[in-house]
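Coordinates as given in start06.csv (CSV, C-alpha atoms):
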```
chain,number,residue,atom,x,y,z
A,1190,MET,CA,65.0,93.6,104.5
A,1191,PHE,CA,67.2,93.1,101.4
A,1192,ARG,CA,68.1,89.5,102.1
A,1193,THR,CA,64.5,88.6,102.8
A,1194,GLU,CA,63.5,90.1,99.4
A,1195,ILE,CA,66.2,88.1,97.7
A,1196,GLN,CA,65.3,84.9,99.4
A,1197,GLU,CA,61.6,85.3,98.7
A,1198,ALA,CA,62.3,86.1,95.0
A,1199,GLY,CA,64.5,83.0,94.7
A,1200,ALA,CA,61.8,80.9,96.4
A,1201,ARG,CA,59.2,82.2,94.0
A,1202,GLN,CA,61.3,81.9,90.8
A,1203,GLY,CA,63.7,79.1,91.7
A,1204,ALA,CA,66.4,81.5,90.8
A,1205,GLY,CA,69.7,82.7,92.4
A,1206,ILE,CA,70.8,86.2,92.5
A,1207,LEU,CA,72.6,85.9,89.1
A,1208,GLU,CA,69.4,85.1,87.4
A,1209,SER,CA,67.0,87.2,89.4
A,1210,ARG,CA,69.0,90.4,89.6
A,1211,LEU,CA,72.2,90.5,87.5
A,1212,THR,CA,72.1,88.5,84.3
A,1213,ARG,CA,68.8,86.8,83.6
A,1214,LEU,CA,70.9,83.6,83.2
A,1215,SER,CA,70.8,80.7,85.5
A,1216,ARG,CA,74.0,79.9,87.3
A,1217,GLU,CA,74.6,77.0,84.9
A,1218,GLU,CA,74.1,79.1,81.8
A,1219,PHE,CA,76.3,81.9,83.2
A,1220,ALA,CA,79.1,79.4,84.0
A,1221,ARG,CA,78.8,77.8,80.6
A,1222,ASP,CA,78.6,80.8,78.3
A,1223,VAL,CA,79.9,83.9,80.1
A,1224,TRP,CA,82.0,83.3,83.3
A,1225,ALA,CA,85.7,84.2,82.7
A,1226,ARG,CA,85.1,84.1,78.9
A,1227,THR,CA,83.5,87.3,77.7
A,1228,ALA,CA,82.0,90.7,78.6
A,1229,ALA,CA,78.2,90.6,78.8
A,1230,LEU,CA,75.6,93.4,79.1
A,1231,THR,CA,72.2,92.9,80.6
A,1232,ARG,CA,69.7,95.8,80.0
A,1233,GLY,CA,67.2,96.5,82.7
A,1234,ALA,CA,68.5,93.6,84.9
A,1235,SER,CA,67.0,95.0,88.1
A,1236,ASP,CA,65.9,98.0,90.1
A,1237,PHE,CA,68.8,98.5,92.5
A,1238,SER,CA,67.2,101.3,94.6
A,1239,ASP,CA,67.0,98.9,97.5
A,1240,VAL,CA,70.8,98.4,97.3
A,1241,PHE,CA,72.3,101.8,96.9
A,1242,SER,CA,71.3,105.4,96.0
A,1243,THR,CA,72.2,109.1,96.0
A,1244,SER,CA,71.0,109.4,99.6
A,1245,ALA,CA,73.2,106.6,100.6
A,1246,VAL,CA,76.2,108.4,99.1
A,1247,ASP,CA,75.4,111.6,101.0
A,1248,GLU,CA,74.8,109.7,104.3
A,1249,LEU,CA,78.1,107.8,104.1
A,1250,ILE,CA,80.1,110.9,103.3
A,1251,SER,CA,78.5,113.3,105.7
A,1252,ARG,CA,77.2,111.3,108.7
A,1253,ARG,CA,79.0,108.0,109.1
A,1254,GLY,CA,82.5,109.3,110.2
A,1255,LEU,CA,84.2,107.2,107.5
A,1256,ARG,CA,88.0,107.2,107.4
A,1257,THR,CA,90.5,106.4,104.7
A,1258,PRO,CA,90.8,104.0,103.0
A,1259,PHE,CA,87.0,103.8,102.8
A,1260,LEU,CA,87.2,106.5,100.2
A,1261,ARG,CA,89.4,107.5,97.3
A,1262,VAL,CA,89.2,110.5,95.1
A,1263,ALA,CA,90.3,110.5,91.4
A,1264,LYS,CA,90.4,113.0,88.6
A,1265,ASP,CA,91.5,112.6,85.0
A,1266,GLY,CA,93.2,109.3,85.7
A,1267,SER,CA,95.1,110.4,88.9
A,1268,THR,CA,94.3,109.6,92.5
A,1269,LEU,CA,94.3,112.7,94.8
A,1270,PRO,CA,96.3,112.5,98.1
A,1271,SER,CA,94.1,111.6,101.0
A,1272,SER,CA,95.3,114.7,102.9
A,1273,SER,CA,93.3,116.9,100.4
A,1274,PHE,CA,90.0,115.5,101.6
A,1275,THR,CA,90.5,114.4,105.2
A,1276,ALA,CA,90.6,116.2,108.5
A,1277,PRO,CA,89.9,115.8,112.3
A,1278,ALA,CA,86.2,115.9,113.1
A,1279,GLY,CA,86.2,118.1,116.2
A,1280,VAL,CA,85.9,117.5,119.9
A,1281,GLY,CA,85.8,113.8,120.8
A,1282,ALA,CA,86.5,112.8,117.2
A,1283,THR,CA,90.0,114.2,116.6
A,1284,VAL,CA,91.3,111.3,114.4
A,1285,ALA,CA,92.9,113.1,111.5
A,1286,ASP,CA,92.0,110.9,108.6
A,1287,GLN,CA,88.2,111.2,108.7
A,1288,LEU,CA,86.4,112.4,105.5
A,1289,ASP,CA,86.0,116.1,105.3
A,1290,ASP,CA,82.6,116.6,103.5
A,1291,THR,CA,83.3,120.2,102.6
A,1292,ALA,CA,86.6,119.3,100.9
A,1293,LEU,CA,84.9,116.4,99.2
A,1294,TRP,CA,82.2,118.7,97.9
A,1295,ARG,CA,84.7,121.1,96.5
A,1296,ALA,CA,86.6,118.3,94.8
A,1297,PHE,CA,83.4,116.7,93.4
A,1298,SER,CA,82.2,120.1,92.1
A,1299,ASP,CA,85.5,120.5,90.3
A,1300,GLY,CA,85.1,117.2,88.4
A,1301,ALA,CA,86.6,114.6,90.8
A,1302,THR,CA,85.1,111.0,91.1
A,1303,LEU,CA,84.4,109.8,94.6
A,1304,VAL,CA,85.2,106.1,95.1
A,1305,LEU,CA,83.5,104.6,98.2
A,1306,GLN,CA,85.5,101.5,98.9
A,1307,ALA,CA,84.6,98.3,100.7
A,1308,LEU,CA,80.9,99.1,100.8
A,1309,HIS,CA,80.3,95.5,101.9
A,1310,ARG,CA,81.6,96.6,105.3
A,1311,THR,CA,79.8,100.0,105.6
A,1312,TRP,CA,76.3,99.8,103.9
A,1313,GLU,CA,74.0,96.9,105.0
A,1314,PRO,CA,72.1,96.3,101.8
A,1315,VAL,CA,75.4,96.0,99.9
A,1316,THR,CA,76.7,93.7,102.6
A,1317,ASP,CA,73.7,91.4,102.1
A,1318,LEU,CA,74.1,91.5,98.3
A,1319,VAL,CA,77.7,90.6,98.5
A,1320,SER,CA,77.2,87.8,101.0
A,1321,VAL,CA,74.5,86.2,98.8
A,1322,LEU,CA,76.5,86.6,95.6
A,1323,SER,CA,79.8,85.3,97.1
A,1324,THR,CA,78.0,82.2,98.3
A,1325,GLU,CA,76.4,81.6,94.9
A,1326,LEU,CA,79.6,82.1,93.0
A,1327,GLY,CA,81.9,80.3,95.4
A,1328,HIS,CA,84.5,83.2,95.1
A,1329,PRO,CA,85.1,86.2,97.4
A,1330,VAL,CA,83.3,89.4,96.5
A,1331,GLN,CA,83.8,93.0,97.4
A,1332,ALA,CA,82.0,96.2,96.5
A,1333,ASN,CA,83.0,99.8,95.6
A,1334,ALA,CA,80.8,102.7,94.4
A,1335,TYR,CA,81.9,105.2,91.8
A,1336,VAL,CA,80.3,108.7,91.9
A,1337,THR,CA,81.2,110.8,88.9
A,1338,PRO,CA,80.1,114.3,88.0
A,1339,PRO,CA,78.6,115.0,84.6
A,1340,GLN,CA,81.0,114.6,81.6
A,1341,ASN,CA,83.9,113.5,83.7
A,1342,ARG,CA,85.9,110.3,84.2
A,1343,GLY,CA,87.9,109.1,87.1
A,1344,PHE,CA,90.3,106.6,85.6
A,1345,ASP,CA,92.1,106.0,82.3
A,1346,ALA,CA,91.6,102.8,80.3
A,1347,HIS,CA,92.8,99.9,82.5
A,1348,TYR,CA,92.1,96.3,83.4
A,1349,ASP,CA,91.3,94.7,86.8
A,1350,VAL,CA,92.8,91.5,88.2
A,1351,HIS,CA,89.4,90.4,89.4
A,1352,ASP,CA,86.1,89.9,87.6
A,1353,VAL,CA,83.5,92.7,88.0
A,1354,PHE,CA,79.8,93.2,87.8
A,1355,VAL,CA,79.0,96.9,87.1
A,1356,LEU,CA,75.5,97.9,88.4
A,1357,GLN,CA,74.4,101.3,87.2
A,1358,ILE,CA,72.5,103.0,90.0
A,1359,GLU,CA,71.9,106.6,88.9
A,1360,GLY,CA,72.6,108.6,85.8
A,1361,ALA,CA,74.2,107.3,82.6
A,1362,LYS,CA,77.8,106.3,81.9
A,1363,ARG,CA,79.5,105.5,78.6
A,1364,TRP,CA,81.7,102.4,78.7
A,1365,VAL,CA,84.3,101.5,76.1
A,1366,VAL,CA,85.5,97.9,76.5
A,1367,HIS,CA,88.4,96.2,74.7
A,1368,GLU,CA,89.6,92.6,74.8
A,1369,PRO,CA,92.6,91.8,77.0
A,1370,VAL,CA,96.2,92.4,76.3
A,1371,LEU,CA,96.9,89.7,79.0
A,1372,PRO,CA,94.1,87.2,79.4
A,1373,ASP,CA,93.3,86.1,82.9
A,1374,PRO,CA,95.9,88.2,84.8
A,1375,LEU,CA,96.9,87.1,88.3
A,1376,ARG,CA,96.7,89.4,91.3
A,1377,ASP,CA,100.4,90.3,91.0
A,1378,GLN,CA,100.1,91.2,87.3
A,1379,PRO,CA,98.4,94.6,87.4
A,1380,TRP,CA,97.7,96.7,84.3
A,1381,THR,CA,100.4,99.2,85.3
A,1382,ASP,CA,103.0,96.5,84.3
A,1383,ARG,CA,101.6,96.7,80.8
A,1384,ARG,CA,100.8,100.4,80.6
A,1385,SER,CA,102.0,100.9,77.0
A,1386,ALA,CA,100.2,97.9,75.7
A,1387,VAL,CA,97.0,98.9,77.4
A,1388,ALA,CA,97.2,102.5,76.1
A,1389,ASP,CA,97.9,101.2,72.6
A,1390,GLN,CA,94.9,98.8,72.6
A,1391,ALA,CA,92.6,101.5,74.0
A,1392,ALA,CA,93.8,104.1,71.4
A,1393,HIS,CA,94.0,101.9,68.3
A,1394,GLY,CA,92.1,98.6,68.9
A,1395,THR,CA,88.5,98.0,67.9
A,1396,PRO,CA,86.3,98.1,70.9
A,1397,HIS,CA,84.5,95.0,71.8
A,1398,MET,CA,81.7,97.1,73.3
A,1399,ASP,CA,81.0,100.9,73.2
A,1400,THR,CA,77.7,101.5,75.1
A,1401,VAL,CA,75.9,103.7,77.6
A,1402,LEU,CA,74.8,102.1,80.9
A,1403,ARG,CA,71.6,103.4,82.4
A,1404,PRO,CA,69.9,102.7,85.8
A,1405,GLY,CA,69.2,99.0,86.1
A,1406,ASP,CA,71.8,97.9,83.5
A,1407,VAL,CA,74.5,95.4,84.5
A,1408,LEU,CA,77.8,94.9,82.8
A,1409,TYR,CA,80.0,91.8,83.5
A,1410,LEU,CA,83.7,92.0,82.7
A,1411,PRO,CA,86.1,89.1,83.2
A,1412,ARG,CA,89.5,90.1,84.7
A,1413,GLY,CA,91.9,91.4,82.1
A,1414,TRP,CA,89.3,93.1,79.9
A,1415,LEU,CA,90.2,96.8,79.3
A,1416,HIS,CA,87.6,99.4,80.1
A,1417,SER,CA,87.2,103.1,80.6
A,1418,ALA,CA,84.0,105.0,81.5
A,1419,GLN,CA,82.7,108.6,81.4
A,1420,ALA,CA,79.6,110.1,82.9
A,1421,GLN,CA,77.2,111.6,80.5
A,1422,GLY,CA,74.8,114.6,81.1
A,1423,GLN,CA,74.2,114.0,84.9
A,1424,VAL,CA,75.9,112.6,87.9
A,1425,SER,CA,76.6,108.9,87.5
A,1426,ILE,CA,76.6,106.4,90.3
A,1427,HIS,CA,77.6,102.8,89.7
A,1428,LEU,CA,78.3,99.9,92.0
A,1429,THR,CA,81.2,97.6,91.1
A,1430,LEU,CA,81.1,94.1,92.6
A,1431,GLY,CA,84.6,92.7,92.4
A,1432,VAL,CA,84.9,88.9,92.3
A,1433,HIS,CA,88.3,87.8,93.5
A,1434,THR,CA,88.4,84.6,91.6
A,1435,TRP,CA,90.2,81.5,92.9
A,1436,THR,CA,92.4,80.2,90.0
A,1437,ARG,CA,94.3,77.1,89.1
A,1438,HIS,CA,97.4,79.0,90.1
A,1439,SER,CA,95.8,79.6,93.5
A,1440,LEU,CA,95.2,75.8,93.8
A,1441,ALA,CA,98.8,75.2,92.7
A,1442,GLU,CA,100.0,77.5,95.5
A,1443,GLN,CA,98.0,75.5,98.1
A,1444,LEU,CA,99.2,72.2,96.7
A,1445,THR,CA,102.8,73.3,96.8
A,1446,ARG,CA,102.4,74.6,100.4
A,1447,ALA,CA,101.0,71.2,101.5
A,1448,ALA,CA,103.8,69.4,99.8
A,1449,LEU,CA,106.5,71.6,101.4
A,1450,ALA,CA,104.8,71.1,104.8
A,1451,ALA,CA,105.1,67.3,104.3
A,1452,LEU,CA,108.7,67.6,103.3
A,1453,GLY,CA,109.4,69.3,106.6
A,1454,ASP,CA,108.9,65.9,108.2
A,1455,ASP,CA,111.4,64.2,105.8
A,1456,PRO,CA,114.8,63.9,107.6
A,1457,VAL,CA,116.5,63.6,104.2
A,1458,MET,CA,115.1,67.0,103.1
A,1459,ARG,CA,116.2,68.7,106.3
A,1460,ARG,CA,119.9,67.8,105.7
A,1461,ALA,CA,122.3,70.6,104.8
A,1462,LEU,CA,123.7,70.7,101.3
A,1463,PRO,CA,127.3,69.4,101.1
A,1464,LEU,CA,130.2,71.8,101.8
A,1465,GLY,CA,131.4,73.5,98.7
A,1466,THR,CA,128.2,73.1,96.8
A,1467,ASP,CA,128.3,75.7,94.0
A,1468,GLY,CA,124.6,76.7,94.0
A,1469,PRO,CA,121.7,74.5,93.1
A,1470,ASN,CA,123.1,73.4,89.7
A,1471,GLY,CA,126.2,71.8,91.1
A,1472,SER,CA,127.3,68.3,90.2
A,1473,ASP,CA,126.3,66.7,93.5
A,1474,GLY,CA,122.9,65.5,92.2
A,1475,GLU,CA,121.1,67.6,94.9
A,1476,VAL,CA,118.6,69.1,92.5
A,1477,ASP,CA,117.6,65.7,91.1
A,1478,LEU,CA,117.1,64.4,94.7
A,1479,VAL,CA,115.0,67.4,95.7
A,1480,ARG,CA,113.0,67.3,92.5
A,1481,GLU,CA,112.2,63.6,93.0
A,1482,ARG,CA,111.1,64.0,96.6
A,1483,LEU,CA,109.1,67.1,95.8
A,1484,LEU,CA,107.2,65.4,93.0
A,1485,ALA,CA,106.5,62.5,95.3
A,1486,ALA,CA,105.2,64.9,98.0
A,1487,LEU,CA,103.1,66.7,95.5
A,1488,ALA,CA,101.5,63.4,94.4
A,1489,GLU,CA,100.5,62.7,98.0
A,1490,ALA,CA,99.6,66.2,99.1
A,1491,ASP,CA,96.1,67.1,100.1
A,1492,PRO,CA,95.6,70.9,99.4
A,1493,ALA,CA,92.1,70.9,100.8
A,1494,PRO,CA,92.9,72.1,104.4
A,1495,ALA,CA,95.2,74.9,103.2
A,1496,PHE,CA,92.8,75.9,100.5
A,1497,HIS,CA,89.9,76.1,102.8
A,1498,ARG,CA,91.9,78.1,105.4
A,1499,ALA,CA,92.8,80.6,102.6
A,1500,ARG,CA,89.2,80.7,101.4
A,1501,ARG,CA,87.9,81.4,105.0
A,1502,SER,CA,90.5,84.2,105.4
A,1503,GLN,CA,89.2,86.0,102.3
A,1504,GLY,CA,85.8,86.9,103.7
A,1505,ARG,CA,84.0,87.8,106.9
A,1506,PRO,CA,81.1,86.1,108.6
A,1507,ALA,CA,77.7,87.8,108.8
A,1508,PRO,CA,77.5,90.7,111.4
A,1509,LEU,CA,77.1,89.7,115.0
A,1510,GLY,CA,75.4,92.0,117.5
A,1511,PRO,CA,76.9,91.4,121.0
A,1512,LEU,CA,73.8,92.6,122.9
A,1513,ALA,CA,71.4,90.4,120.8
A,1514,GLN,CA,73.8,87.5,121.3
A,1515,LEU,CA,73.9,88.0,125.1
A,1516,THR,CA,70.1,88.3,125.2
A,1517,GLY,CA,69.7,85.0,123.2
A,1518,LEU,CA,72.2,83.3,125.5
A,1519,ASN,CA,70.5,84.5,128.7
A,1520,ASN,CA,67.0,83.6,127.5
A,1521,LEU,CA,68.0,80.2,126.0
A,1522,VAL,CA,65.3,77.6,126.5
A,1523,PRO,CA,64.6,74.3,124.7
A,1524,THR,CA,62.1,76.1,122.3
A,1525,SER,CA,64.5,78.9,121.4
A,1526,PRO,CA,65.1,79.1,117.6
A,1527,VAL,CA,68.7,79.2,116.6
A,1528,ARG,CA,70.7,78.8,113.4
A,1529,LEU,CA,74.3,78.7,112.1
A,1530,ARG,CA,75.7,82.2,111.6
A,1531,LYS,CA,75.8,83.0,107.9
A,1532,ALA,CA,79.0,83.2,105.8
A,1533,LEU,CA,81.1,81.2,108.3
A,1534,GLU,CA,82.5,78.9,105.6
A,1535,PRO,CA,82.0,76.0,108.1
A,1536,ARG,CA,83.9,72.7,107.5
A,1537,LEU,CA,83.6,69.7,109.7
A,1538,GLU,CA,86.7,67.6,109.6
A,1539,GLY,CA,86.5,64.6,112.0
A,1540,SER,CA,85.6,66.0,115.4
A,1541,ARG,CA,86.8,69.6,114.6
A,1542,LEU,CA,84.6,72.3,113.1
A,1543,PHE,CA,86.5,75.0,111.2
A,1544,THR,CA,84.9,78.4,110.7
A,1545,ARG,CA,85.9,82.0,109.9
A,1546,VAL,CA,85.8,82.7,113.7
A,1547,GLY,CA,88.1,79.8,114.7
A,1548,TYR,CA,87.7,76.1,115.3
A,1549,LEU,CA,86.0,74.0,117.9
A,1550,ASP,CA,86.5,70.4,118.9
A,1551,PHE,CA,83.5,68.2,119.9
A,1552,PRO,CA,82.9,64.9,121.7
A,1553,ALA,CA,81.5,62.1,119.5
A,1554,ALA,CA,78.0,62.6,121.1
A,1555,ASP,CA,77.8,66.2,119.6
A,1556,LEU,CA,78.9,65.4,116.1
A,1557,VAL,CA,75.5,64.5,114.7
A,1558,PRO,CA,73.7,67.7,115.9
A,1559,VAL,CA,76.7,69.8,114.8
A,1560,ALA,CA,76.6,68.2,111.3
A,1561,ARG,CA,72.9,69.0,111.1
A,1562,LEU,CA,73.6,72.6,111.7
A,1563,LEU,CA,75.7,72.9,108.6
A,1564,ASP,CA,72.6,73.0,106.3
A,1565,GLY,CA,71.9,76.5,107.7
A,1566,GLN,CA,68.3,75.6,108.7
A,1567,VAL,CA,66.7,77.0,111.8
A,1568,ARG,CA,66.8,74.5,114.8
A,1569,THR,CA,65.7,74.7,118.4
A,1570,ALA,CA,68.1,74.7,121.2
A,1571,GLY,CA,66.3,71.6,122.5
A,1572,ASP,CA,67.1,69.8,119.2
A,1573,LEU,CA,70.8,70.4,119.7
A,1574,GLY,CA,70.9,70.2,123.5
A,1575,LEU,CA,71.0,73.3,125.7
A,1576,ALA,CA,74.6,72.8,126.6
A,1577,LEU,CA,75.8,72.5,123.0
A,1578,ALA,CA,73.6,75.4,121.9
A,1579,GLY,CA,75.0,77.6,124.7
A,1580,ARG,CA,78.5,76.7,123.8
A,1581,LEU,CA,78.0,77.6,120.1
A,1582,LEU,CA,76.3,80.9,121.0
A,1583,ARG,CA,79.2,81.9,123.2
A,1584,ALA,CA,81.6,81.0,120.4
A,1585,GLY,CA,79.7,83.2,117.9
A,1586,VAL,CA,79.0,80.2,115.7
A,1587,LEU,CA,75.3,80.0,116.5
A,1588,VAL,CA,72.9,83.0,116.5
A,1589,PRO,CA,69.4,83.5,117.9
A,1590,THR,CA,66.7,84.0,115.3
A,1591,ASP,CA,63.0,84.7,114.9
A,1592,ARG,CA,62.8,81.9,112.3
```
Rewritten as structure tokens:
Amino acid sequence: MFRTEIQEAGARQGAGILESRLTRLSREEFARDVWARTAALTRGASDFSDVFSTSAVDELISRRGLRTPFLRVAKDGSTLPSSSFTAPAGVGATVADQLDDTALWRAFSDGATLVLQALHRTWEPVTDLVSVLSTELGHPVQANAYVTPPQNRGFDAHYDVHDVFVLQIEGAKRWVVHEPVLPDPLRDQPWTDRRSAVADQAAHGTPHMDTVLRPGDVLYLPRGWLHSAQAQGQVSIHLTLGVHTWTRHSLAEQLTRAALAALGDDPVMRRALPLGTDGPNGSDGEVDLVRERLLAALAEADPAPAFHRARRSQGRPAPLGPLAQLTGLNNLVPTSPVRLRKALEPRLEGSRLFTRVGYLDFPAADLVPVARLLDGQVRTAGDLGLALAGRLLRAGVLVPTDR
């Protein structure tokens, strides 16, 4: 239902999810003025009751049989050991790391924050939101929920190594935001490596923002921006959408890998260093030779295949129901409506289609209908050819639809 509402709203307003629900800015305006540049607050951005709620929290904790690490518990800046809130769930469900709702209630009533992690895997409306936003941004997105008792906080001032959108769901929470001590940190540059600088900035620096978020408000923070938050007079629930940005450094990694792969085919580069070489800075000119050939390989390297493989590995395709898939395959006729499975990150290179569920090779006669599928529009099995449609359904690339 959520995805349908988003698509209908976008069709009516000509707006993506950034504009219609998160920032009131078009994608172009957000990219120009906000993205990776500055913190931004949007008051009353949207009613998020269709995405997450207090009842969703209770259902996930008490009825879904969640296991760690789908939940963390934090209090006064420290994370509690998982053994303090997990236990076997009785006959037929004796796995020891399932959430213990009684233990969680006791921790929560004692002031602990409950962190429901990877909600894009466990709560369908959040799954749909994340899928749409990830497609719009072109960067992988994940989702966590933070449930904090009144007048409590879960974590000390810190920064994240990914951008975040904070969606206030219930209650009110005070956020204090400071500018970075390390702008644009990479994923291997966590705040704990700069704990002293972070603590000093939080204690003595002038806040960039000191504000209270209420239901419907959205706060955007680029990676590296310091923040701390404390619930006010009632339980606070907020949803954090973490955007794991691809960076120039990421592209450099893929470019270097492509160059090194090419150098593996160079017989000169496969030769052993001379006997007696005293490390890479010896007088044999080896470093100069390697640098010259590496630069030449970098100049010729195409990082696109490796980049797209890495990008596909960062996300998951849309859910696939095996029984619905089998029914669609068994009942396939020329008029059956079908479409490409969403969030596959498809890429057609020559006669090979790469997706998040693997790759398929096609004869030349099938390439035109396969290419038409990539626009995501609904087709009929007859448009594609029954044999091709059946093959793609079996592969989990195509799914039956009601249009």
If we count all atoms listed in the file and set the cut-off at 7 Å, which residues sit around Val1330 in chain A, ignoring sequence neighbours fewer than 3 positions away in its own chain? Please answer as JSON, numbers by chain. {"A": [1319, 1323, 1430, 1431, 1432, 1433]}
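In this model, the gap between CA of Leu1207 in chain A and CA of Leu1563 in chain A comes to 23.6 Å.
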Where does range 1218-1319 of chain A meet range 1337-1356 of chain A within 10 Å, residue by residue, with the nearest atom pair and distance in Å to one decimal for each, counting all atoms listed in the file, listed by chain and rising number, as CSV?
```
residue,atom,partner,partner_atom,distance
A:Trp1224,CA,A:Asp1352,CA,8.9
A:Ala1225,CA,A:Asp1352,CA,7.5
A:Ala1228,CA,A:Val1353,CA,9.7
A:Ala1229,CA,A:Phe1354,CA,9.5
A:Leu1230,CA,A:Val1355,CA,9.4
A:Thr1231,CA,A:Leu1356,CA,9.8
A:Ala1234,CA,A:Leu1356,CA,8.9
A:Ser1235,CA,A:Leu1356,CA,9.0
A:Asp1236,CA,A:Leu1356,CA,9.7
A:Phe1237,CA,A:Leu1356,CA,7.9
A:Phe1241,CA,A:Leu1356,CA,9.9
A:Val1262,CA,A:Gly1343,CA,8.2
A:Ala1263,CA,A:Gly1343,CA,5.1
A:Lys1264,CA,A:Gly1343,CA,4.9
A:Asp1265,CA,A:Gly1343,CA,5.4
A:Gly1266,CA,A:Phe1344,CA,4.0
A:Ser1267,CA,A:Phe1344,CA,7.0
A:Thr1268,CA,A:Gly1343,CA,8.4
A:Phe1297,CA,A:Pro1338,CA,6.8
A:Ser1298,CA,A:Pro1338,CA,7.4
A:Asp1299,CA,A:Pro1338,CA,8.5
A:Gly1300,CA,A:Pro1338,CA,5.8
A:Ala1301,CA,A:Gly1343,CA,6.8
A:Thr1302,CA,A:Thr1337,CA,4.5
A:Leu1303,CA,A:Thr1337,CA,6.6
A:Val1304,CA,A:Thr1337,CA,8.7
```
If you measure from CA of Ala1334 in chain A to CA of Arg1376 in chain A, what distance in Å do you get, rounded to one decimal? 21.0 Å
Residues within 10 Å of Arg1541 in chain A, please, as a CSV table (one decimal) with C-alpha atoms, in the coordinates of the input. Count all atoms listed in the file; anything in the same chain fewer than 2 positions from it doesn't count.
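Writing done, so here's out_13.csv:
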```csv
chain,number,residue,atom,x,y,z
A,1536,ARG,CA,83.9,72.7,107.5
A,1537,LEU,CA,83.6,69.7,109.7
A,1538,GLU,CA,86.7,67.6,109.6
A,1539,GLY,CA,86.5,64.6,112.0
A,1543,PHE,CA,86.5,75.0,111.2
A,1544,THR,CA,84.9,78.4,110.7
A,1548,TYR,CA,87.7,76.1,115.3
A,1549,LEU,CA,86.0,74.0,117.9
A,1550,ASP,CA,86.5,70.4,118.9
A,1551,PHE,CA,83.5,68.2,119.9
A,1552,PRO,CA,82.9,64.9,121.7
A,1556,LEU,CA,78.9,65.4,116.1
```
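Residues in contact range of Arg1480 in chain A, defined as at most 12 Å between all atoms listed in the file, with sequence neighbours fewer than 4 positions away removed, read Ala1448, Leu1449, Leu1452, Met1458, Pro1469, Gly1474, Glu1475, Val1476, Leu1484, Ala1485, Ala1486 and Leu1487 of chain A.
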Since we have the selection now, will you write its residues out, keeping C-alpha atoms, as a PDB file, in the frame of the given file?
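The resulting file, out15.pdb, is shown below:
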```pdb
ATOM      1  CA  ALA A1448     103.800  69.400  99.800  1.00  0.00           C
ATOM      2  CA  LEU A1449     106.500  71.600 101.400  1.00  0.00           C
ATOM      3  CA  LEU A1452     108.700  67.600 103.300  1.00  0.00           C
ATOM      4  CA  MET A1458     115.100  67.000 103.100  1.00  0.00           C
ATOM      5  CA  PRO A1469     121.700  74.500  93.100  1.00  0.00           C
ATOM      6  CA  GLY A1474     122.900  65.500  92.200  1.00  0.00           C
ATOM      7  CA  GLU A1475     121.100  67.600  94.900  1.00  0.00           C
ATOM      8  CA  VAL A1476     118.600  69.100  92.500  1.00  0.00           C
ATOM      9  CA  LEU A1484     107.200  65.400  93.000  1.00  0.00           C
ATOM     10  CA  ALA A1485     106.500  62.500  95.300  1.00  0.00           C
ATOM     11  CA  ALA A1486     105.200  64.900  98.000  1.00  0.00           C
ATOM     12  CA  LEU A1487     103.100  66.700  95.500  1.00  0.00           C
TER      13      LEU A1487
END
```
So the first atom is CA of Ala1553 in chain A and the second is CA of Ala1532 in chain A; what is the distance between them in Å, to one decimal place?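 These two atoms are separated by 25.3 Å.
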Could you list, as a ChimeraX atom specification, every residue within 8 Å of range 1363-1369 of chain A, counting all atoms listed in the file and ignoring same-chain residues fewer than 5 positions away? /A:1348,1390-1391,1394-1402,1413-1421
Dump as a PDB file, keeping the file's coordinate frame, selection limited to C-alpha atoms:
```pdb
ATOM      1  CA  TYR A1348      92.100  96.300  83.400  1.00  0.00           C
ATOM      2  CA  GLN A1390      94.900  98.800  72.600  1.00  0.00           C
ATOM      3  CA  ALA A1391      92.600 101.500  74.000  1.00  0.00           C
ATOM      4  CA  GLY A1394      92.100  98.600  68.900  1.00  0.00           C
ATOM      5  CA  THR A1395      88.500  98.000  67.900  1.00  0.00           C
ATOM      6  CA  PRO A1396      86.300  98.100  70.900  1.00  0.00           C
ATOM      7  CA  HIS A1397      84.500  95.000  71.800  1.00  0.00           C
ATOM      8  CA  MET A1398      81.700  97.100  73.300  1.00  0.00           C
ATOM      9  CA  ASP A1399      81.000 100.900  73.200  1.00  0.00           C
ATOM     10  CA  THR A1400      77.700 101.500  75.100  1.00  0.00           C
ATOM     11  CA  VAL A1401      75.900 103.700  77.600  1.00  0.00           C
ATOM     12  CA  LEU A1402      74.800 102.100  80.900  1.00  0.00           C
ATOM     13  CA  GLY A1413      91.900  91.400  82.100  1.00  0.00           C
ATOM     14  CA  TRP A1414      89.300  93.100  79.900  1.00  0.00           C
ATOM     15  CA  LEU A1415      90.200  96.800  79.300  1.00  0.00           C
ATOM     16  CA  HIS A1416      87.600  99.400  80.100  1.00  0.00           C
ATOM     17  CA  SER A1417      87.200 103.100  80.600  1.00  0.00           C
ATOM     18  CA  ALA A1418      84.000 105.000  81.500  1.00  0.00           C
ATOM     19  CA  GLN A1419      82.700 108.600  81.400  1.00  0.00           C
ATOM     20  CA  ALA A1420      79.600 110.100  82.900  1.00  0.00           C
ATOM     21  CA  GLN A1421      77.200 111.600  80.500  1.00  0.00           C
TER      22      GLN A1421
END
```
Need the neighbours of (81.2, 114.4, 105.8): which residues are at most 6 Å away, counting only C-alpha atoms, as an mmCIF file with C-alpha atoms, in the frame of the given file?
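Wrote out.cif, looks like this:
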```cif
data_model
loop_
_atom_site.group_PDB
_atom_site.id
_atom_site.type_symbol
_atom_site.label_atom_id
_atom_site.label_comp_id
_atom_site.auth_asym_id
_atom_site.auth_seq_id
_atom_site.Cartn_x
_atom_site.Cartn_y
_atom_site.Cartn_z
ATOM 1 C CA ILE A 1250 80.100 110.900 103.300
ATOM 2 C CA SER A 1251 78.500 113.300 105.700
ATOM 3 C CA ARG A 1252 77.200 111.300 108.700
ATOM 4 C CA LEU A 1288 86.400 112.400 105.500
ATOM 5 C CA ASP A 1289 86.000 116.100 105.300
ATOM 6 C CA ASP A 1290 82.600 116.600 103.500
#
```
